[in-house]
>>> print(open('structure32.cif').read())   # mmCIF, C-alpha atoms
data_final
loop_
_atom_site.label_atom_id
_atom_site.label_comp_id
_atom_site.auth_asym_id
_atom_site.auth_seq_id
_atom_site.Cartn_x
_atom_site.Cartn_y
_atom_site.Cartn_z
CA MET A 1 51.60 76.74 98.66
CA LYS A 2 50.93 74.50 95.66
CA ILE A 3 52.54 75.57 92.38
CA GLU A 4 51.21 74.15 89.16
CA ILE A 5 52.68 74.87 85.75
CA ASP A 6 50.85 73.64 82.72
CA ILE A 7 52.67 74.20 79.43
CA ASP A 8 50.65 73.16 76.41
CA ALA A 9 50.48 74.37 72.79
CA LYS A 10 46.67 74.48 73.04
CA TYR A 11 46.89 77.72 75.06
CA GLN A 12 46.78 80.94 73.04
CA ASP A 13 48.26 83.21 75.74
CA THR A 14 50.09 83.04 79.07
CA GLU A 15 47.67 83.03 81.96
CA VAL A 16 48.40 83.07 85.68
CA VAL A 17 45.57 82.11 88.01
CA ILE A 18 45.94 82.37 91.77
CA ARG A 19 43.46 80.43 93.88
CA ALA A 20 43.43 81.17 97.59
CA PRO A 21 40.93 81.32 100.47
CA LYS A 22 41.80 85.00 101.06
CA LEU A 23 44.03 87.78 99.78
CA THR A 24 47.30 87.81 101.75
CA ARG A 25 50.40 90.03 101.59
CA ASP A 26 52.28 87.18 99.91
CA ILE A 27 49.71 87.06 97.12
CA GLU A 28 49.87 90.82 96.74
CA LYS A 29 53.65 90.54 96.39
CA ILE A 30 53.40 87.80 93.77
CA VAL A 31 50.99 89.95 91.79
CA ALA A 32 53.21 93.00 92.17
CA LEU A 33 56.25 91.09 90.91
CA MET A 34 54.28 89.78 87.95
CA ARG A 35 53.09 93.28 87.14
CA MET A 36 56.71 94.34 86.85
CA ILE A 37 57.19 91.85 84.02
CA ASN A 38 54.54 93.91 82.22
CA MET A 39 56.59 97.06 82.97
CA GLN A 40 54.21 98.22 85.66
CA ILE A 41 54.51 98.48 89.39
CA PRO A 42 51.61 98.64 91.85
CA VAL A 43 51.99 101.65 94.14
CA LYS A 44 49.95 103.49 96.72
CA TYR A 45 49.11 107.18 96.77
CA ARG A 46 46.75 108.53 99.44
CA ASP A 47 45.44 105.01 100.20
CA GLU A 48 44.61 104.33 96.57
CA ILE A 49 46.43 101.73 94.52
CA TYR A 50 47.74 102.64 91.07
CA LEU A 51 49.62 100.74 88.40
CA LEU A 52 52.58 102.90 87.57
CA ASP A 53 54.49 102.53 84.29
CA ILE A 54 58.11 101.72 85.08
CA GLU A 55 59.32 104.26 82.50
CA ASP A 56 57.72 107.07 84.59
CA ILE A 57 59.86 106.28 87.63
CA LEU A 58 62.79 108.59 88.37
CA TYR A 59 64.16 106.66 91.33
CA ILE A 60 63.13 104.42 94.20
CA GLU A 61 64.40 104.64 97.76
CA THR A 62 63.79 103.17 101.18
CA VAL A 63 63.32 105.38 104.20
CA ASP A 64 62.64 103.80 107.60
CA ARG A 65 61.99 100.43 105.92
CA LYS A 66 59.33 101.92 103.67
CA THR A 67 59.78 101.93 99.90
CA PHE A 68 59.04 105.17 98.07
CA VAL A 69 58.73 105.50 94.31
CA TYR A 70 59.50 108.94 92.87
CA THR A 71 58.11 110.23 89.59
CA ALA A 72 58.44 113.74 88.14
CA ASP A 73 55.51 115.06 90.17
CA LYS A 74 54.47 112.49 92.78
CA ILE A 75 55.88 110.26 95.49
CA TYR A 76 54.22 106.85 95.76
CA GLU A 77 54.67 104.10 98.30
CA SER A 78 55.26 100.46 97.42
CA ASP A 79 54.75 97.29 99.45
CA LEU A 80 57.73 95.70 97.74
CA LYS A 81 61.20 95.70 99.26
CA LEU A 82 63.95 97.51 97.41
CA TYR A 83 65.84 94.28 96.65
CA GLU A 84 62.68 92.74 95.16
CA ILE A 85 62.23 95.70 92.83
CA GLU A 86 65.95 95.69 92.02
CA LEU A 87 65.80 92.01 91.11
CA GLU A 88 63.06 92.66 88.57
CA LEU A 89 64.31 95.95 87.19
CA SER A 90 68.07 95.40 87.00
CA GLU A 91 67.65 93.93 83.52
CA ARG A 92 66.01 97.17 82.43
CA ASP A 93 67.57 100.62 82.89
CA PHE A 94 67.48 100.66 86.67
CA LEU A 95 70.64 100.62 88.73
CA ARG A 96 71.35 100.36 92.45
CA ILE A 97 73.06 103.59 93.54
CA SER A 98 73.26 103.10 97.30
CA LYS A 99 72.06 100.83 100.07
CA HIS A 100 68.80 102.76 99.97
CA GLY A 101 68.21 103.63 96.34
CA ILE A 102 67.73 102.57 92.73
CA VAL A 103 67.76 105.05 89.84
CA ASN A 104 66.23 104.94 86.38
CA LEU A 105 69.19 105.74 84.11
CA ARG A 106 66.83 106.90 81.36
CA LYS A 107 65.72 109.73 83.66
CA VAL A 108 69.21 110.99 84.46
CA LYS A 109 70.02 114.41 83.00
CA SER A 110 73.64 114.77 84.06
CA LEU A 111 76.42 113.19 86.10
CA ARG A 112 79.14 114.92 88.09
CA ALA A 113 82.16 113.37 89.77
CA GLU A 114 82.30 113.98 93.51
CA ILE A 115 84.98 113.38 96.09
CA ASN A 116 85.71 109.80 97.24
CA ARG A 117 84.70 108.43 93.82
CA LYS A 118 81.05 109.26 94.42
CA ILE A 119 78.88 110.55 91.58
CA ARG A 120 76.22 113.26 91.84
CA VAL A 121 73.23 112.49 89.65
CA THR A 122 70.92 115.23 88.43
CA LEU A 123 67.56 113.86 87.36
CA GLN A 124 65.35 115.26 84.62
CA ASN A 125 63.21 117.10 87.19
CA GLY A 126 66.31 118.81 88.62
CA GLU A 127 66.44 116.68 91.75
CA GLN A 128 69.90 115.50 92.79
CA ILE A 129 70.92 112.19 94.34
CA VAL A 130 74.33 110.72 95.10
CA VAL A 131 75.70 107.39 93.89
CA SER A 132 77.77 105.97 96.73
CA ARG A 133 81.39 104.94 96.17
CA MET A 134 80.45 101.27 96.38
CA TYR A 135 78.01 101.52 93.46
CA SER A 136 79.75 104.20 91.35
CA ASP A 137 81.99 101.62 89.65
CA GLU A 138 78.88 99.65 88.64
CA LEU A 139 77.41 102.82 87.11
CA ARG A 140 80.64 103.46 85.20
CA ARG A 141 80.56 99.84 84.00
CA LYS A 142 76.93 100.15 82.88
CA LEU A 143 77.84 103.29 80.91
CA GLY A 144 80.75 101.49 79.29
CA LEU A 145 83.43 103.51 81.07
CA LYS A 146 85.07 100.51 82.75
CA MET B 1 78.64 98.10 102.54
CA GLU B 2 81.14 100.91 102.47
CA LYS B 3 84.04 100.24 104.82
CA GLN B 4 84.06 102.50 107.85
CA LYS B 5 87.49 103.98 108.49
CA THR B 6 89.00 103.08 111.85
CA PHE B 7 91.39 105.11 114.00
CA PHE B 8 94.27 102.99 112.68
CA ASN B 9 93.36 103.90 109.08
CA TYR B 10 93.73 107.58 110.01
CA ILE B 11 97.10 106.87 111.69
CA ALA B 12 98.19 105.05 108.52
CA ASP B 13 97.12 108.07 106.41
CA VAL B 14 99.13 110.42 108.66
CA PHE B 15 102.24 108.28 108.24
CA VAL B 16 101.86 108.16 104.45
CA ILE B 17 101.83 111.99 104.39
CA TYR B 18 104.65 112.07 106.96
CA GLY B 19 106.75 109.70 104.85
CA VAL B 20 106.45 111.95 101.80
CA ILE B 21 107.26 115.12 103.79
CA VAL B 22 110.29 113.54 105.51
CA PHE B 23 111.55 112.17 102.18
CA VAL B 24 111.33 115.61 100.54
CA TYR B 25 113.00 117.38 103.49
CA ALA B 26 115.70 114.70 103.79
CA LEU B 27 116.45 115.19 100.09
CA LEU B 28 116.52 118.99 100.55
CA SER B 29 118.85 118.65 103.55
CA LEU B 30 121.22 116.53 101.45
CA ILE B 31 121.24 119.03 98.59
CA ILE B 32 121.05 122.45 100.27
CA GLY B 33 121.25 121.60 103.99
CA ASP B 34 124.84 122.84 104.45
CA TYR B 35 124.05 126.19 102.80
CA ILE B 36 121.00 127.04 104.88
CA SER B 37 121.77 125.33 108.22
CA ASP B 38 122.36 128.72 109.89
CA TYR B 39 119.26 130.16 108.32
CA SER B 40 116.56 127.56 108.96
CA SER B 41 115.94 125.47 112.08
CA LEU B 42 114.59 122.70 109.85
CA PHE B 43 118.06 122.09 108.42
CA ARG B 44 120.05 122.69 111.62
CA LEU B 45 122.15 119.55 111.00
CA GLY B 46 123.00 120.61 107.46
CA SER B 47 123.48 117.70 105.07
CA GLY B 48 123.72 115.39 108.10
CA GLY B 49 119.95 114.81 108.05
CA LEU B 50 116.99 115.97 110.07
CA SER B 51 117.00 116.45 113.85
CA ILE B 52 114.53 114.73 116.22
CA ALA B 53 112.91 118.13 116.84
CA THR B 54 112.44 118.68 113.09
CA LEU B 55 111.05 115.16 112.64
CA LEU B 56 108.48 115.79 115.40
CA GLN B 57 107.55 119.19 113.93
CA LEU B 58 107.02 117.56 110.52
CA LEU B 59 104.88 114.87 112.20
CA LEU B 60 102.71 117.65 113.64
CA LEU B 61 102.42 119.12 110.13
CA ALA B 62 101.39 115.69 108.75
CA ILE B 63 98.71 115.36 111.45
CA ILE B 64 97.36 118.84 110.63
CA ILE B 65 97.35 118.07 106.88
CA ASN B 66 95.41 114.85 107.51
CA ILE B 67 92.81 116.60 109.70
CA VAL B 68 92.37 119.34 107.07
CA LYS B 69 92.18 116.63 104.38
CA ILE B 70 89.40 114.81 106.27
CA THR B 71 87.59 118.13 106.79
CA PHE B 72 87.65 119.42 103.22
CA LEU B 73 88.47 116.49 100.94
CA THR B 74 85.99 113.95 102.31
CA ASP B 75 82.27 114.26 103.00
CA ARG B 76 82.60 113.37 106.67
CA TRP B 77 81.60 116.86 107.82
CA ILE B 78 80.98 118.85 104.65
CA LYS B 79 78.39 116.99 102.60
CA ASN B 80 77.84 119.07 99.52
CA ALA B 81 80.59 121.27 98.07
CA PRO B 82 82.27 121.40 94.65
CA ILE B 83 85.70 119.74 94.41
CA PHE B 84 87.24 123.06 93.31
CA LEU B 85 86.03 124.86 96.48
CA ARG B 86 87.14 121.94 98.65
CA ASN B 87 90.65 122.11 97.16
CA LEU B 88 90.80 125.87 97.61
CA LEU B 89 89.78 125.65 101.29
CA PHE B 90 92.18 122.75 101.80
CA PHE B 91 95.17 124.68 100.46
CA LEU B 92 94.25 127.93 102.24
CA THR B 93 93.96 126.16 105.60
CA ILE B 94 97.25 124.29 105.10
CA PHE B 95 98.86 127.63 104.16
CA GLY B 96 97.63 129.23 107.39
CA ALA B 97 98.65 126.24 109.52
CA THR B 98 102.13 126.12 107.93
CA ALA B 99 102.57 129.86 108.54
CA VAL B 100 101.75 129.32 112.23
CA LEU B 101 104.30 126.45 112.42
CA ILE B 102 106.94 128.67 110.73
CA VAL B 103 106.49 131.27 113.46
CA LEU B 104 106.24 128.70 116.29
CA PHE B 105 109.30 126.64 115.30
CA ASP B 106 111.38 129.32 113.61
CA TRP B 107 111.55 127.43 110.29
CA PHE B 108 113.01 130.60 108.80
CA PRO B 109 113.67 134.06 110.29
CA ILE B 110 110.20 135.51 110.68
CA HIS B 111 111.39 139.11 110.25
CA ASN B 112 112.82 138.33 106.84
CA TRP B 113 110.16 139.49 104.39
CA LYS B 114 111.97 137.93 101.44
CA ALA B 115 111.63 134.52 103.08
CA TRP B 116 107.88 135.09 103.54
CA VAL B 117 107.53 136.22 99.93
CA GLY B 118 109.43 133.10 98.83
CA PHE B 119 107.20 130.89 100.97
CA PHE B 120 104.06 132.63 99.70
CA LEU B 121 105.09 132.42 96.05
CA SER B 122 106.21 128.78 96.12
CA TYR B 123 103.08 127.73 98.02
CA THR B 124 100.76 129.76 95.78
CA ILE B 125 102.30 128.43 92.56
CA SER B 126 102.09 124.82 93.71
CA THR B 127 98.50 125.38 94.90
CA ILE B 128 97.40 126.96 91.62
CA VAL B 129 99.06 124.21 89.57
CA SER B 130 97.57 121.48 91.75
CA THR B 131 94.07 123.04 91.78
CA LEU B 132 94.14 123.56 88.00
CA ILE B 133 95.17 119.94 87.41
CA THR B 134 92.33 118.77 89.70
CA ARG B 135 89.89 121.08 87.92
CA LEU B 136 90.94 119.81 84.48
CA LYS B 137 90.76 116.18 85.63
CA GLU B 138 87.31 116.81 87.13
CA ARG B 139 86.06 118.46 83.93
CA ALA B 140 87.45 115.68 81.72
CA GLU B 141 85.85 113.02 83.95
CA ASN B 142 82.48 114.83 83.90
CA ASN B 143 82.57 115.25 80.12
CA LYS B 144 83.43 111.56 79.69
CA MET B 145 80.56 110.49 81.97
CA GLN B 146 78.10 112.85 80.29
CA ALA B 147 79.03 111.58 76.81
CA ALA B 148 78.60 107.97 77.99
CA LEU B 149 75.22 108.83 79.56
CA ASP B 150 74.00 110.60 76.40
CA LYS B 151 75.04 107.58 74.34
CA TYR B 152 73.25 105.24 76.78
CA THR B 153 69.97 107.19 76.84
CA LYS B 154 69.89 107.54 73.03
CA HIS B 155 69.97 103.76 72.55
#
>>> encode(input="structure32.cif", output="structure tokens")
Amino acid sequence: MKIEIDIDAKYQDTEVVIRAPKLTRDIEKIVALMRMINMQIPVKYRDEIYLLDIEDILYIETVDRKTFVYTADKIYESDLKLYEIELELSERDFLRISKHGIVNLRKVKSLRAEINRKIRVTLQNGEQIVVSRMYSDELRRKLGLK
Amino acid sequence: MEKQKTFFNYIADVFVIYGVIVFVYALLSLIIGDYISDYSSLFRLGSGGLSIATLLQLLLLAIIINIVKITFLTDRWIKNAPIFLRNLLFFLTIFGATAVLIVLFDWFPIHNWKAWVGFFLSYTISTIVSTLITRLKERAENNKMQAALDKYTKH
């Protein structure tokens, strides 16, 4: 794959052009990752592709190697791997909570300490997920408790 | 990845509990052993220490405590229960198991109701105190986390 970067003051805006003989999964991934810079994530729902605003996401999890994106009322599927999404969203308000999940801290309603240093998270829609012991310290750090 | 506990970790846990129990009973035998040696099989040797039989009985108690601990105070088998309920079940089960050991090993005369009342009262008081402390700690931790979360989401 040839990568060409042309930085010049003559350009008014940032433009990314992809030239390829056909649309591949790699290209789809590149586009998806770039969308995330614009605070959007491409997701699938009943075979249709949508651009979902990141701020609408409650949490993201992988089940059987598939990535699911949860909002208040729908569950979407994403072609991106969890670590790819984590890489892009960790600078925002998203935090890894287990091997299989990332949560949007802005959508958390309450937190409750559990046994073994785990934390039970109640989301704004009432759904509950658990932050594993391994990631609970990171959550405490992010909240300024450590 | 979270570290999976091995069999040896469980053995180590048992011996930590066992160490504490033996230390407490050794101390008790030194202080009151001579006065109650005729009364309790645990302190048969008086202030001379603990017998092999007593040490083995206390090891059995430590094993039981560890099994009950794994059952109620970890999420190995019970996935979703409040800490308060877990503590309550933990203490109730230990109480029952200790009562069985008292009868089995004659730790005090089982027909002496005053001894049972003493056992019940001392166990209940320590359970209530311990559960209350856990409850208060849990509440303080939750309040602290909630305040930090509210501060985070407001920014």
>>> atom_distance(input="structure32.cif", atom1="CA of Asn66 (chain B)", atom2="CA of Ser37 (chain B)")
28.4 Å
>>> resolve_selection(input="structure32.cif", expression="the PyMOL selection byres ((chain A) within 9 of (chain B))", output="ChimeraX atom specification")
/A:99,105-116,132-134,140,142-145
>>> closest_residue(input="structure32.cif", among="B:Tyr25, B:Tyr123, B:Tyr35, B:Phe7", to="Gly49 (chain B)", atoms="all atoms listed in the file")
B:Tyr25
>>> residues_around(input="structure32.cif", residues="region 51-61 of chain B", least_positions_apart="2", cutoff="9 Å", atoms="all atoms listed in the file", output="list in words")
Val14, Phe15, Ile17, Tyr18, Ile21, Val22, Ser41, Leu42, Phe43, Arg44, Leu45, Gly48, Gly49, Ile63, Ile64, Ile65, Asn66, Ile94, Ala97, Thr98, Leu101 and Phe105 of chain B
>>> atom_distance(input="structure32.cif", atom1="CA of Ile27 (chain A)", atom2="CA of Glu77 (chain A)")
17.8 Å
>>> atom_distance(input="structure32.cif", atom1="CA of Glu15 (chain A)", atom2="CA of Thr67 (chain A)")
28.7 Å
>>> residues_around(input="structure32.cif", residues="Leu95 (chain A)", least_positions_apart="6", cutoff="10 Å", atoms="only C-alpha atoms", output="ChimeraX atom specification")
/A:59,86,89,101-105,131,135,138-139,142
>>> residues_near_point(input="structure32.cif", point="(52.7, 74.7, 94.3)", cutoff="12 Å", atoms="only C-alpha atoms", output="list in words")
Met1, Lys2, Ile3, Glu4, Ile5, Asp6, Ile18, Arg19 and Ala20 of chain A
>>> decode(input="structure32.cif", residues="region 47-77 of chain B", atoms="N, CA and C atoms", output="mmCIF file, in the first residue's frame")
data_model
loop_
_atom_site.group_PDB
_atom_site.id
_atom_site.type_symbol
_atom_site.label_atom_id
_atom_site.label_comp_id
_atom_site.auth_asym_id
_atom_site.auth_seq_id
_atom_site.Cartn_x
_atom_site.Cartn_y
_atom_site.Cartn_z
ATOM 1 N N SER B 47 -1.596 -24.008 80.318
ATOM 2 C CA SER B 47 -0.735 -22.971 79.739
ATOM 3 C C SER B 47 0.464 -23.581 79.015
ATOM 4 N N GLY B 48 0.501 -24.899 78.931
ATOM 5 C CA GLY B 48 1.617 -25.596 78.268
ATOM 6 C C GLY B 48 1.530 -25.566 76.757
ATOM 7 N N GLY B 49 0.442 -25.014 76.218
ATOM 8 C CA GLY B 49 0.307 -24.924 74.754
ATOM 9 C C GLY B 49 -0.871 -25.721 74.236
ATOM 10 N N LEU B 50 -0.866 -25.959 72.957
ATOM 11 C CA LEU B 50 -1.988 -26.655 72.326
ATOM 12 C C LEU B 50 -1.554 -28.068 71.931
ATOM 13 N N SER B 51 -2.465 -29.037 72.138
ATOM 14 C CA SER B 51 -2.127 -30.428 71.798
ATOM 15 C C SER B 51 -2.186 -30.645 70.284
ATOM 16 N N ILE B 52 -1.597 -31.777 69.837
ATOM 17 C CA ILE B 52 -1.632 -32.123 68.390
ATOM 18 C C ILE B 52 -3.090 -32.227 67.935
ATOM 19 N N ALA B 53 -3.926 -32.868 68.796
ATOM 20 C CA ALA B 53 -5.342 -33.042 68.433
ATOM 21 C C ALA B 53 -6.005 -31.682 68.218
ATOM 22 N N THR B 54 -5.727 -30.749 69.146
ATOM 23 C CA THR B 54 -6.316 -29.401 69.027
ATOM 24 C C THR B 54 -5.825 -28.709 67.760
ATOM 25 N N LEU B 55 -4.518 -28.844 67.489
ATOM 26 C CA LEU B 55 -3.949 -28.201 66.294
ATOM 27 C C LEU B 55 -4.618 -28.730 65.023
ATOM 28 N N LEU B 56 -4.882 -30.048 64.988
ATOM 29 C CA LEU B 56 -5.532 -30.635 63.809
ATOM 30 C C LEU B 56 -6.994 -30.177 63.698
ATOM 31 N N GLN B 57 -7.659 -30.077 64.871
ATOM 32 C CA GLN B 57 -9.057 -29.601 64.860
ATOM 33 C C GLN B 57 -9.126 -28.153 64.353
ATOM 34 N N LEU B 58 -8.160 -27.341 64.785
ATOM 35 C CA LEU B 58 -8.137 -25.937 64.336
ATOM 36 C C LEU B 58 -7.800 -25.851 62.850
ATOM 37 N N LEU B 59 -6.995 -26.822 62.356
ATOM 38 C CA LEU B 59 -6.692 -26.849 60.915
ATOM 39 C C LEU B 59 -7.977 -27.141 60.126
ATOM 40 N N LEU B 60 -8.782 -28.072 60.663
ATOM 41 C CA LEU B 60 -10.059 -28.395 60.019
ATOM 42 C C LEU B 60 -10.951 -27.145 59.982
ATOM 43 N N LEU B 61 -10.945 -26.391 61.099
ATOM 44 C CA LEU B 61 -11.742 -25.153 61.151
ATOM 45 C C LEU B 61 -11.250 -24.147 60.093
ATOM 46 N N ALA B 62 -9.919 -24.049 59.961
ATOM 47 C CA ALA B 62 -9.342 -23.115 58.967
ATOM 48 C C ALA B 62 -9.745 -23.513 57.543
ATOM 49 N N ILE B 63 -9.748 -24.833 57.287
ATOM 50 C CA ILE B 63 -10.143 -25.318 55.948
ATOM 51 C C ILE B 63 -11.607 -24.964 55.686
ATOM 52 N N ILE B 64 -12.461 -25.194 56.693
ATOM 53 C CA ILE B 64 -13.893 -24.879 56.542
ATOM 54 C C ILE B 64 -14.074 -23.381 56.284
ATOM 55 N N ILE B 65 -13.374 -22.555 57.095
ATOM 56 C CA ILE B 65 -13.501 -21.093 56.939
ATOM 57 C C ILE B 65 -13.107 -20.686 55.514
ATOM 58 N N ASN B 66 -12.021 -21.295 54.999
ATOM 59 C CA ASN B 66 -11.575 -20.918 53.650
ATOM 60 C C ASN B 66 -12.587 -21.328 52.575
ATOM 61 N N ILE B 67 -13.186 -22.522 52.748
ATOM 62 C CA ILE B 67 -14.195 -22.974 51.770
ATOM 63 C C ILE B 67 -15.404 -22.024 51.798
ATOM 64 N N VAL B 68 -15.836 -21.675 53.031
ATOM 65 C CA VAL B 68 -16.989 -20.773 53.174
ATOM 66 C C VAL B 68 -16.639 -19.392 52.604
ATOM 67 N N LYS B 69 -15.374 -18.988 52.823
ATOM 68 C CA LYS B 69 -14.912 -17.695 52.297
ATOM 69 C C LYS B 69 -14.987 -17.691 50.768
ATOM 70 N N ILE B 70 -14.487 -18.771 50.154
ATOM 71 C CA ILE B 70 -14.521 -18.857 48.679
ATOM 72 C C ILE B 70 -15.977 -18.844 48.191
ATOM 73 N N THR B 71 -16.841 -19.543 48.954
ATOM 74 C CA THR B 71 -18.250 -19.639 48.540
ATOM 75 C C THR B 71 -18.955 -18.275 48.592
ATOM 76 N N PHE B 72 -18.806 -17.583 49.720
ATOM 77 C CA PHE B 72 -19.609 -16.360 49.901
ATOM 78 C C PHE B 72 -18.857 -15.056 49.654
ATOM 79 N N LEU B 73 -17.538 -15.057 49.830
ATOM 80 C CA LEU B 73 -16.823 -13.777 49.716
ATOM 81 C C LEU B 73 -16.028 -13.643 48.414
ATOM 82 N N THR B 74 -16.243 -14.549 47.472
ATOM 83 C CA THR B 74 -15.701 -14.366 46.127
ATOM 84 C C THR B 74 -16.851 -14.620 45.148
ATOM 85 N N ASP B 75 -16.629 -14.316 43.871
ATOM 86 C CA ASP B 75 -17.708 -14.566 42.913
ATOM 87 C C ASP B 75 -17.479 -15.841 42.103
ATOM 88 N N ARG B 76 -16.773 -16.776 42.735
ATOM 89 C CA ARG B 76 -16.504 -18.054 42.059
ATOM 90 C C ARG B 76 -17.801 -18.805 41.759
ATOM 91 N N TRP B 77 -18.681 -18.880 42.755
ATOM 92 C CA TRP B 77 -19.946 -19.594 42.562
ATOM 93 C C TRP B 77 -21.153 -18.653 42.587
#
